[in-house]
file final.pdb (PDB, C-alpha atoms and all ligand atoms)
ATOM      1  CA  MET A   1       0.000   0.000   0.000  1.00  0.00           C
ATOM      2  CA  LEU A   2       2.835   2.324   0.922  1.00  0.00           C
ATOM      3  CA  VAL A   3       4.707   1.502  -2.272  1.00  0.00           C
ATOM      4  CA  GLY A   4       1.516   2.033  -4.267  1.00  0.00           C
ATOM      5  CA  GLY A   5       1.160   5.467  -2.663  1.00  0.00           C
ATOM      6  CA  VAL A   6       4.715   6.378  -3.542  1.00  0.00           C
ATOM      7  CA  VAL A   7       4.254   5.200  -7.124  1.00  0.00           C
ATOM      8  CA  ASP A   8       1.044   7.212  -7.367  1.00  0.00           C
ATOM      9  CA  ARG A   9       2.848  10.299  -6.196  1.00  0.00           C
ATOM     10  CA  LEU A  10       5.698   9.738  -8.631  1.00  0.00           C
ATOM     11  CA  TRP A  11       3.119   9.349 -11.352  1.00  0.00           C
ATOM     12  CA  LEU A  12       1.388  12.569 -10.320  1.00  0.00           C
ATOM     13  CA  THR A  13       4.696  14.415 -10.448  1.00  0.00           C
ATOM     14  CA  GLY A  14       5.406  12.887 -13.855  1.00  0.00           C
ATOM     15  CA  VAL A  15       8.433  10.872 -12.725  1.00  0.00           C
ATOM     16  CA  VAL A  16       6.767   7.587 -13.611  1.00  0.00           C
ATOM     17  CA  SER A  17       4.439   7.247 -16.571  1.00  0.00           C
ATOM     18  CA  THR A  18       1.029   5.681 -15.971  1.00  0.00           C
ATOM     19  CA  ALA A  19       1.940   2.652 -18.059  1.00  0.00           C
ATOM     20  CA  SER A  20       5.128   1.854 -16.193  1.00  0.00           C
ATOM     21  CA  ALA A  21       3.474   2.517 -12.836  1.00  0.00           C
ATOM     22  CA  GLN A  22       0.772  -0.013 -13.634  1.00  0.00           C
ATOM     23  CA  GLU A  23       3.279  -2.411 -15.130  1.00  0.00           C
ATOM     24  CA  GLY A  24       5.332  -2.131 -11.957  1.00  0.00           C
ATOM     25  CA  ARG A  25       2.334  -3.132  -9.930  1.00  0.00           C
ATOM     26  CA  ALA A  26       1.341  -5.993 -12.195  1.00  0.00           C
ATOM     27  CA  THR A  27       4.741  -7.573 -12.869  1.00  0.00           C
ATOM     28  CA  ALA A  28       6.423  -7.331  -9.470  1.00  0.00           C
ATOM     29  CA  PRO A  29       4.728  -9.697  -7.036  1.00  0.00           C
ATOM     30  CA  PRO A  30       6.413  -9.454  -3.630  1.00  0.00           C
ATOM     31  CA  LYS A  31       9.253 -11.937  -3.273  1.00  0.00           C
ATOM     32  CA  PRO A  32       8.709 -14.266  -0.298  1.00  0.00           C
ATOM     33  CA  MET A  33      10.886 -13.146   2.605  1.00  0.00           C
ATOM     34  CA  THR A  34      13.301 -15.385   4.399  1.00  0.00           C
ATOM     35  CA  PRO A  35      12.746 -15.604   8.184  1.00  0.00           C
ATOM     36  CA  ALA A  36      15.877 -13.459   8.660  1.00  0.00           C
ATOM     37  CA  GLU A  37      14.577 -10.811   6.279  1.00  0.00           C
ATOM     38  CA  MET A  38      11.232 -10.897   8.019  1.00  0.00           C
ATOM     39  CA  GLN A  39      12.878 -10.427  11.401  1.00  0.00           C
ATOM     40  CA  ALA A  40      14.885  -7.482  10.027  1.00  0.00           C
ATOM     41  CA  GLU A  41      11.673  -6.007   8.611  1.00  0.00           C
ATOM     42  CA  ILE A  42       9.902  -6.362  11.976  1.00  0.00           C
ATOM     43  CA  GLU A  43      12.807  -4.617  13.712  1.00  0.00           C
ATOM     44  CA  ARG A  44      12.659  -1.821  11.119  1.00  0.00           C
ATOM     45  CA  LEU A  45       8.892  -1.413  11.554  1.00  0.00           C
ATOM     46  CA  LYS A  46       9.327  -1.253  15.336  1.00  0.00           C
ATOM     47  CA  THR A  47      11.538   1.806  14.910  1.00  0.00           C
ATOM     48  CA  LEU A  48       8.624   3.496  13.080  1.00  0.00           C
ATOM     49  CA  VAL A  49       6.150   3.100  15.962  1.00  0.00           C
ATOM     50  CA  PRO A  50       5.858   6.488  17.656  1.00  0.00           C
ATOM     51  CA  SER A  51       6.620   6.792  21.332  1.00  0.00           C
ATOM     52  CA  TYR A  52       3.329   6.835  23.127  1.00  0.00           C
ATOM     53  CA  SER A  53       3.793  10.362  24.347  1.00  0.00           C
ATOM     54  CA  HIS A  54       2.927  11.327  20.757  1.00  0.00           C
ATOM     55  CA  PRO A  55      -0.672  10.006  20.667  1.00  0.00           C
ATOM     56  CA  MET A  56      -1.085  11.245  24.267  1.00  0.00           C
ATOM     57  CA  GLN A  57      -0.318  14.779  23.091  1.00  0.00           C
ATOM     58  CA  ASP A  58      -3.114  14.322  20.556  1.00  0.00           C
ATOM     59  CA  VAL A  59      -5.347  13.133  23.400  1.00  0.00           C
ATOM     60  CA  ALA A  60      -4.474  16.294  25.323  1.00  0.00           C
ATOM     61  CA  ILE A  61      -5.322  18.589  22.388  1.00  0.00           C
ATOM     62  CA  ASN A  62      -8.548  16.762  21.527  1.00  0.00           C
ATOM     63  CA  TRP A  63      -9.708  16.470  25.117  1.00  0.00           C
ATOM     64  CA  ALA A  64      -9.051  20.163  25.745  1.00  0.00           C
ATOM     65  CA  SER A  65     -10.799  21.137  22.489  1.00  0.00           C
ATOM     66  CA  LEU A  66     -13.760  18.990  23.526  1.00  0.00           C
ATOM     67  CA  TRP A  67     -14.173  21.173  26.624  1.00  0.00           C
ATOM     68  CA  PHE A  68     -14.373  24.387  24.599  1.00  0.00           C
ATOM     69  CA  ALA A  69     -16.636  22.925  21.914  1.00  0.00           C
ATOM     70  CA  ALA A  70     -19.065  21.819  24.665  1.00  0.00           C
ATOM     71  CA  GLN A  71     -18.877  25.247  26.329  1.00  0.00           C
ATOM     72  CA  LYS A  72     -20.092  26.697  23.012  1.00  0.00           C
ATOM     73  CA  LYS A  73     -22.733  23.943  22.794  1.00  0.00           C
ATOM     74  CA  ASN A  74     -21.244  22.920  19.477  1.00  0.00           C
ATOM     75  CA  TRP A  75     -22.242  19.274  19.990  1.00  0.00           C
ATOM     76  CA  PRO A  76     -21.280  17.895  16.553  1.00  0.00           C
ATOM     77  CA  LEU A  77     -17.766  19.317  17.068  1.00  0.00           C
ATOM     78  CA  ALA A  78     -17.717  18.041  20.657  1.00  0.00           C
ATOM     79  CA  ARG A  79     -18.603  14.569  19.372  1.00  0.00           C
ATOM     80  CA  TYR A  80     -15.769  14.796  16.850  1.00  0.00           C
ATOM     81  CA  PHE A  81     -13.163  15.738  19.480  1.00  0.00           C
ATOM     82  CA  TYR A  82     -14.494  13.072  21.827  1.00  0.00           C
ATOM     83  CA  ASN A  83     -14.067  10.367  19.184  1.00  0.00           C
ATOM     84  CA  GLU A  84     -10.565  11.586  18.334  1.00  0.00           C
ATOM     85  CA  ALA A  85      -9.494  11.639  21.975  1.00  0.00           C
ATOM     86  CA  ARG A  86     -10.941   8.195  22.615  1.00  0.00           C
ATOM     87  CA  SER A  87      -9.289   6.613  19.585  1.00  0.00           C
ATOM     88  CA  HIS A  88      -5.941   8.169  20.519  1.00  0.00           C
ATOM     89  CA  ILE A  89      -6.140   6.804  24.065  1.00  0.00           C
ATOM     90  CA  ALA A  90      -6.855   3.402  22.502  1.00  0.00           C
ATOM     91  CA  TRP A  91      -3.892   3.918  20.166  1.00  0.00           C
ATOM     92  CA  THR A  92      -1.602   4.725  23.115  1.00  0.00           C
ATOM     93  CA  VAL A  93      -2.665   1.457  24.695  1.00  0.00           C
ATOM     94  CA  ARG A  94      -2.128  -0.486  21.470  1.00  0.00           C
ATOM     95  CA  ILE A  95       1.420   0.883  21.251  1.00  0.00           C
ATOM     96  CA  ASN A  96       2.095  -0.213  24.794  1.00  0.00           C
ATOM     97  CA  PRO A  97      -0.561  -2.492  26.331  1.00  0.00           C
ATOM     98  CA  ASN A  98       1.728  -3.353  29.236  1.00  0.00           C
ATOM     99  CA  ASP A  99       3.852  -0.636  30.776  1.00  0.00           C
ATOM    100  CA  LYS A 100       6.736  -1.462  33.036  1.00  0.00           C
ATOM    101  CA  VAL A 101       6.820   0.640  36.195  1.00  0.00           C
ATOM    102  CA  ASN A 102       9.587  -0.006  38.712  1.00  0.00           C
ATOM    103  CA  GLY A 103      10.087  -3.468  37.251  1.00  0.00           C
ATOM    104  CA  GLU A 104       6.377  -4.302  37.567  1.00  0.00           C
ATOM    105  CA  ILE A 105       4.110  -4.827  34.575  1.00  0.00           C
ATOM    106  CA  VAL A 106       1.105  -2.485  34.532  1.00  0.00           C
ATOM    107  CA  ASP A 107      -1.798  -3.673  32.399  1.00  0.00           C
ATOM    108  CA  LEU A 108      -2.755  -0.403  30.678  1.00  0.00           C
ATOM    109  CA  LYS A 109      -5.157  -2.239  28.379  1.00  0.00           C
ATOM    110  CA  SER A 110      -7.347  -3.376  31.314  1.00  0.00           C
ATOM    111  CA  ILE A 111      -7.268   0.132  32.792  1.00  0.00           C
ATOM    112  CA  TYR A 112      -8.348   1.564  29.436  1.00  0.00           C
ATOM    113  CA  ASP A 113     -11.118  -1.028  28.998  1.00  0.00           C
ATOM    114  CA  ALA A 114     -12.517  -0.163  32.443  1.00  0.00           C
ATOM    115  CA  ILE A 115     -12.441   3.579  31.705  1.00  0.00           C
ATOM    116  CA  ASP A 116     -13.944   3.093  28.253  1.00  0.00           C
ATOM    117  CA  THR A 117     -17.095   1.486  29.650  1.00  0.00           C
ATOM    118  CA  SER A 118     -17.474   3.957  32.544  1.00  0.00           C
ATOM    119  CA  SER A 119     -16.161   7.547  32.545  1.00  0.00           C
ATOM    120  CA  LEU A 120     -15.703   7.751  28.779  1.00  0.00           C
ATOM    121  CA  THR A 121     -19.221   6.450  28.155  1.00  0.00           C
ATOM    122  CA  MET A 122     -20.615   9.044  30.576  1.00  0.00           C
ATOM    123  CA  VAL A 123     -19.050  11.848  28.539  1.00  0.00           C
ATOM    124  CA  LYS A 124     -20.413  10.350  25.333  1.00  0.00           C
ATOM    125  CA  ASP A 125     -23.905  10.179  26.883  1.00  0.00           C
ATOM    126  CA  ALA A 126     -23.792  13.828  27.910  1.00  0.00           C
ATOM    127  CA  ILE A 127     -22.754  14.846  24.389  1.00  0.00           C
ATOM    128  CA  GLU A 128     -25.540  12.784  22.808  1.00  0.00           C
ATOM    129  CA  LYS A 129     -28.076  14.305  25.206  1.00  0.00           C
ATOM    130  CA  GLN A 130     -26.555  17.768  24.648  1.00  0.00           C
ATOM    131  CA  ASN A 131     -26.695  18.227  28.397  1.00  0.00           C
ATOM    132  CA  SER A 132     -24.165  20.827  29.574  1.00  0.00           C
ATOM    133  CA  THR A 133     -24.553  20.133  33.299  1.00  0.00           C
ATOM    134  CA  GLN A 134     -24.125  16.410  32.814  1.00  0.00           C
ATOM    135  CA  PHE A 135     -21.211  17.101  30.482  1.00  0.00           C
ATOM    136  CA  VAL A 136     -19.247  19.134  33.057  1.00  0.00           C
ATOM    137  CA  ALA A 137     -19.674  16.417  35.702  1.00  0.00           C
ATOM    138  CA  ALA A 138     -18.729  13.619  33.295  1.00  0.00           C
ATOM    139  CA  TYR A 139     -15.753  15.569  31.922  1.00  0.00           C
ATOM    140  CA  LYS A 140     -14.372  16.019  35.445  1.00  0.00           C
ATOM    141  CA  THR A 141     -14.892  12.335  36.254  1.00  0.00           C
ATOM    142  CA  MET A 142     -12.971  11.458  33.102  1.00  0.00           C
ATOM    143  CA  LEU A 143     -10.090  13.752  34.142  1.00  0.00           C
ATOM    144  CA  GLU A 144      -9.920  11.703  37.337  1.00  0.00           C
ATOM    145  CA  SER A 145      -9.772   8.564  35.193  1.00  0.00           C
ATOM    146  CA  CYS A 146      -7.015  10.076  33.020  1.00  0.00           C
ATOM    147  CA  TYR A 147      -5.078  10.709  36.181  1.00  0.00           C
ATOM    148  CA  SER A 148      -5.692   7.259  37.624  1.00  0.00           C
ATOM    149  CA  CYS A 149      -4.038   5.777  34.542  1.00  0.00           C
ATOM    150  CA  HIS A 150      -1.110   8.205  34.775  1.00  0.00           C
ATOM    151  CA  LYS A 151      -0.560   7.227  38.402  1.00  0.00           C
ATOM    152  CA  ALA A 152      -0.740   3.524  37.534  1.00  0.00           C
ATOM    153  CA  ALA A 153       1.739   4.126  34.694  1.00  0.00           C
ATOM    154  CA  GLY A 154       4.216   5.755  37.071  1.00  0.00           C
ATOM    155  CA  LYS A 155       3.498   9.293  35.777  1.00  0.00           C
ATOM    156  CA  PRO A 156       1.776  11.000  38.754  1.00  0.00           C
ATOM    157  CA  MET A 157       3.377  14.289  37.718  1.00  0.00           C
ATOM    158  CA  ILE A 158       1.041  14.461  34.687  1.00  0.00           C
ATOM    159  CA  ARG A 159      -2.042  15.767  36.516  1.00  0.00           C
ATOM    160  CA  PRO A 160      -4.764  16.946  34.127  1.00  0.00           C
ATOM    161  CA  GLN A 161      -7.080  19.872  34.834  1.00  0.00           C
ATOM    162  CA  ILE A 162      -9.960  21.673  33.152  1.00  0.00           C
ATOM    163  CA  PRO A 163      -8.197  23.459  30.301  1.00  0.00           C
ATOM    164  CA  THR A 164      -7.740  27.176  30.784  1.00  0.00           C
ATOM    165  CA  ALA A 165      -7.285  28.169  27.130  1.00  0.00           C
ATOM    166  CA  SER A 166      -8.264  26.682  23.803  1.00  0.00           C
ATOM    167  CA  ILE A 167      -5.222  25.417  21.897  1.00  0.00           C
ATOM    168  CA  LEU A 168      -6.778  24.704  18.525  1.00  0.00           C
ATOM    169  CA  THR A 169      -7.605  28.300  17.614  1.00  0.00           C
ATOM    170  CA  ILE A 170      -7.703  27.491  13.884  1.00  0.00           C
ATOM    171  CA  VAL A 171     -11.043  25.714  14.392  1.00  0.00           C
ATOM    172  CA  ASN A 172     -14.061  27.967  14.900  1.00  0.00           C
ATOM    173  CA  LEU A 173     -16.006  26.669  17.887  1.00  0.00           C
ATOM    174  CA  ASP A 174     -19.085  28.776  17.216  1.00  0.00           C
ATOM    175  CA  PRO A 175     -21.913  26.482  16.009  1.00  0.00           C
ATOM    176  CA  ASN A 176     -23.540  29.493  14.321  1.00  0.00           C
ATOM    177  CA  ALA A 177     -20.491  30.685  12.424  1.00  0.00           C
ATOM    178  CA  THR A 178     -21.260  31.671   8.834  1.00  0.00           C
ATOM    179  CA  TRP A 179     -17.792  31.900   7.306  1.00  0.00           C
ATOM    180  CA  PRO A 180     -16.294  30.066   5.422  1.00  0.00           C
ATOM    181  CA  ASP A 181     -19.603  29.218   3.862  1.00  0.00           C
TER     182      ASP A 181
HETATM  183  C1  LIG A 201      -4.726   3.971  29.692  1.00  0.00           C
HETATM  184  C2  LIG A 201      -3.855   4.918  30.348  1.00  0.00           C
HETATM  185  C3  LIG A 201      -4.006   6.380  30.100  1.00  0.00           C
HETATM  186  C4  LIG A 201      -5.165   7.121  30.027  1.00  0.00           C
HETATM  187  C5  LIG A 201      -6.586   6.641  30.189  1.00  0.00           C
HETATM  188  C6  LIG A 201      -4.758   8.478  29.797  1.00  0.00           C
HETATM  189  N1  LIG A 201      -3.399   8.582  29.713  1.00  0.00           N
HETATM  190 FE1  LIG A 201      -2.333  10.264  29.388  1.00  0.00          FE
HETATM  191  N2  LIG A 201      -0.625   9.223  29.462  1.00  0.00           N
HETATM  192  C7  LIG A 201      -0.527   7.864  29.711  1.00  0.00           C
HETATM  193  C8  LIG A 201       0.862   7.486  29.741  1.00  0.00           C
HETATM  194  C9  LIG A 201       1.401   6.083  29.950  1.00  0.00           C
HETATM  195  C10 LIG A 201       1.608   8.675  29.523  1.00  0.00           C
HETATM  196  C11 LIG A 201       3.119   8.841  29.490  1.00  0.00           C
HETATM  197  C12 LIG A 201       3.638   8.651  28.076  1.00  0.00           C
HETATM  198  C13 LIG A 201       5.140   8.574  28.063  1.00  0.00           C
HETATM  199  O1  LIG A 201       5.730   8.113  29.030  1.00  0.00           O
HETATM  200  O2  LIG A 201       5.717   8.979  27.059  1.00  0.00           O
HETATM  201  C14 LIG A 201       0.630   9.744  29.358  1.00  0.00           C
HETATM  202  C15 LIG A 201       0.964  11.061  29.105  1.00  0.00           C
HETATM  203  C16 LIG A 201       0.078  12.104  28.991  1.00  0.00           C
HETATM  204  C17 LIG A 201       0.421  13.475  28.717  1.00  0.00           C
HETATM  205  C18 LIG A 201       1.827  14.010  28.488  1.00  0.00           C
HETATM  206  C19 LIG A 201       2.149  13.831  27.020  1.00  0.00           C
HETATM  207  C20 LIG A 201       3.540  14.290  26.652  1.00  0.00           C
HETATM  208  O3  LIG A 201       3.664  15.438  26.245  1.00  0.00           O
HETATM  209  O4  LIG A 201       4.463  13.477  26.754  1.00  0.00           O
HETATM  210  C21 LIG A 201      -0.725  14.203  28.696  1.00  0.00           C
HETATM  211  C22 LIG A 201      -0.882  15.681  28.450  1.00  0.00           C
HETATM  212  C23 LIG A 201      -1.804  13.262  28.936  1.00  0.00           C
HETATM  213  N3  LIG A 201      -1.282  12.007  29.102  1.00  0.00           N
HETATM  214  C24 LIG A 201      -3.135  13.610  28.984  1.00  0.00           C
HETATM  215  C25 LIG A 201      -4.169  12.709  29.183  1.00  0.00           C
HETATM  216  C26 LIG A 201      -5.567  13.085  29.266  1.00  0.00           C
HETATM  217  C27 LIG A 201      -6.100  14.500  29.176  1.00  0.00           C
HETATM  218  C28 LIG A 201      -6.250  11.929  29.450  1.00  0.00           C
HETATM  219  C29 LIG A 201      -7.728  11.749  29.611  1.00  0.00           C
HETATM  220  C30 LIG A 201      -8.606  12.328  28.662  1.00  0.00           C
HETATM  221  C31 LIG A 201      -5.290  10.837  29.491  1.00  0.00           C
HETATM  222  N4  LIG A 201      -4.049  11.350  29.333  1.00  0.00           N
HETATM  223  C32 LIG A 201      -5.655   9.519  29.661  1.00  0.00           C
HETATM  224  C33 LIG A 201      -1.567   6.979  29.903  1.00  0.00           C
HETATM  225  C34 LIG A 201      -2.899   7.319  29.910  1.00  0.00           C
END

call {"tool": "encode", "arguments": {"input": "final.pdb", "output": "C-alpha cells"}}
result
Amino acid sequence: MLVGGVVDRLWLTGVVSTASAQEGRATAPPKPMTPAEMQAEIERLKTLVPSYSHPMQDVAINWASLWFAAQKKNWPLARYFYNEARSHIAWTVRINPNDKVNGEIVDLKSIYDAIDTSSLTMVKDAIEKQNSTQFVAAYKTMLESCYSCHKAAGKPMIRPQIPTASILTIVNLDPNATWPD
C-alpha cells in the first residue's frame, strides 16, 4: 500500500508514466521473505512506531478542544473531538498495552477497557443528550480517570485539569459561524 502510494505520487509528479506505474504493480509480485529478512523487517517497523507520548499529546489537544466545543454547545464538534481523543487513548494502549513501572508490569489495556465502559461512556452520553450540566460532571470524572491511569503508569506528575485556554484556535467553535460558507 505504501509503495503504491509512492508510485502514485511519482506518477502525479510525472516521474513515472502511468503505463510503467501499472506495469510495476502488475509484474512485481512481492518476493517471499526469508525468516531473517522478516525479522529485520519487523525490527525496522518497530523503529517506526511512535513513542506513546505522541498520541497522548493528541489526546491532550482533543480532550481540551472537547471542553471548549461543549462550552459553546457545538455538539457535533464536541462529538468529533471526543471520538478523536478516545481513539488516541486506545492507540496509546495499542502501542504499549503493558507498561513497566519499577520493574512491575502495569496492564494499561485493562485500565483503558474499564475507563472506556465507565467515565468515557458518561461523557459520550452527555454529548448525545446535549446536556451541559451532565457534560461538566462527566468531563471532570474522566479527568480523574485520566489521572488514575497516569498514576498507575508511574506518571503521577502528569495531573490533568480543566483546560484554561483553547489550543486549537484554527477551528471555529461557534456552532452558528457563517464563514467560510
Ligand atoms: C490507559 C492509560 C491512560 C489514560 C486513560 C490516559 N493517559 Fe495520558 N498518558 C498515559 C501514559 C502512559 C503517559 C506517558 C507517556 C510517556 O511516558 O511517554 C501519558 C501522558 C500524557 C500526557 C503528556 C504527554 C507528553 O507530552 O508526553 C498528557 C498531556 C496526557 N497524558 C493527557 C491525558 C488526558 C487528558 C487523558 C484523559 C482524557 C489521558 N491522558 C488519559 C496513559 C494514559

call {"tool": "atom_distance", "arguments": {"input": "final.pdb", "atom1": "CA of Ala70 in chain A", "atom2": "CA of Ser119 in chain A"}}
result
16.6 Å

call {"tool": "closest_residue", "arguments": {"input": "final.pdb", "among": "A:Glu37, A:Val136, A:Val59, A:Thr141", "to": "Ser118 in chain A", "atoms": "all atoms listed in the file"}}
result
A:Thr141

call {"tool": "residues_near_ligand", "arguments": {"input": "final.pdb", "ligand": "ligand LIG 201 (chain A)", "cutoff": "7 Å", "atoms": "all atoms listed in the file", "output": "PyMOL selection string"}}
result
chain A and resi 51-54+56-57+59-60+63+85+89+93+108-109+111-112+115+142-143+145-147+149-150+153+155+158+160

call {"tool": "residues_around", "arguments": {"input": "final.pdb", "residues": "Ser132 in chain A", "least_positions_apart": "5", "cutoff": "12 Å", "atoms": "only C-alpha atoms", "output": "PDB file with C-alpha atoms, in the coordinates of the input"}}
result
ATOM      1  CA  TRP A  67     -14.173  21.173  26.624  1.00  0.00           C
ATOM      2  CA  PHE A  68     -14.373  24.387  24.599  1.00  0.00           C
ATOM      3  CA  ALA A  69     -16.636  22.925  21.914  1.00  0.00           C
ATOM      4  CA  ALA A  70     -19.065  21.819  24.665  1.00  0.00           C
ATOM      5  CA  GLN A  71     -18.877  25.247  26.329  1.00  0.00           C
ATOM      6  CA  LYS A  72     -20.092  26.697  23.012  1.00  0.00           C
ATOM      7  CA  LYS A  73     -22.733  23.943  22.794  1.00  0.00           C
ATOM      8  CA  ASN A  74     -21.244  22.920  19.477  1.00  0.00           C
ATOM      9  CA  TRP A  75     -22.242  19.274  19.990  1.00  0.00           C
ATOM     10  CA  ALA A  78     -17.717  18.041  20.657  1.00  0.00           C
ATOM     11  CA  VAL A 123     -19.050  11.848  28.539  1.00  0.00           C
ATOM     12  CA  LYS A 124     -20.413  10.350  25.333  1.00  0.00           C
ATOM     13  CA  ASP A 125     -23.905  10.179  26.883  1.00  0.00           C
ATOM     14  CA  ALA A 126     -23.792  13.828  27.910  1.00  0.00           C
ATOM     15  CA  ILE A 127     -22.754  14.846  24.389  1.00  0.00           C
ATOM     16  CA  ALA A 137     -19.674  16.417  35.702  1.00  0.00           C
ATOM     17  CA  ALA A 138     -18.729  13.619  33.295  1.00  0.00           C
ATOM     18  CA  TYR A 139     -15.753  15.569  31.922  1.00  0.00           C
TER      19      TYR A 139
END

call {"tool": "atom_distance", "arguments": {"input": "final.pdb", "atom1": "CA of Leu173 in chain A", "atom2": "CA of Leu77 in chain A"}}
result
7.6 Å

call {"tool": "axis_aligned_box", "arguments": {"input": "final.pdb", "around": "range 91-110 of chain A", "padding_each_side": "5 Å", "output": "JSON"}}
result
{"center_x": 1.4, "center_y": -0.1, "center_z": 29.4, "size_x": 27.4, "size_y": 19.6, "size_z": 28.5}

call {"tool": "atom_distance", "arguments": {"input": "final.pdb", "atom1": "CA of Ala90 in chain A", "atom2": "CA of Val171 in chain A"}}
result
24.1 Å

call {"tool": "closest_residue", "arguments": {"input": "final.pdb", "among": "A:Ala40, A:Tyr82, A:Pro76, A:His88", "to": "Pro55 in chain A", "atoms": "all atoms listed in the file"}}
result
A:His88

call {"tool": "closest_residue", "arguments": {"input": "final.pdb", "among": "A:Ala152, A:Gln161, A:Met122, A:Ser87", "to": "Ile105 in chain A", "atoms": "all atoms listed in the file"}}
result
A:Ala152

call {"tool": "closest_residue", "arguments": {"input": "final.pdb", "among": "A:Met33, A:Asn83, A:Arg159, A:Ile61", "to": "Asp116 in chain A", "atoms": "only C-alpha atoms"}}
result
A:Asn83

call {"tool": "closest_residue", "arguments": {"input": "final.pdb", "among": "A:Thr121, A:Ser148, A:Thr47, A:Thr92", "to": "Phe135 in chain A", "atoms": "all atoms listed in the file"}}
result
A:Thr121

call {"tool": "resolve_selection", "arguments": {"input": "final.pdb", "expression": "the PyMOL selection byres (((chain A and resi 168) around 9) and not hetatm)", "output": "list in words"}}
result
Ile61, Asn62, Ala64, Ser65, Ser166, Ile167, Thr169, Ile170, Val171 and Asn172 of chain A

call {"tool": "closest_residue", "arguments": {"input": "final.pdb", "among": "A:Ile162, A:Pro175, A:Lys100, A:Lys46", "to": "Lys140 in chain A", "atoms": "only C-alpha atoms"}}
result
A:Ile162
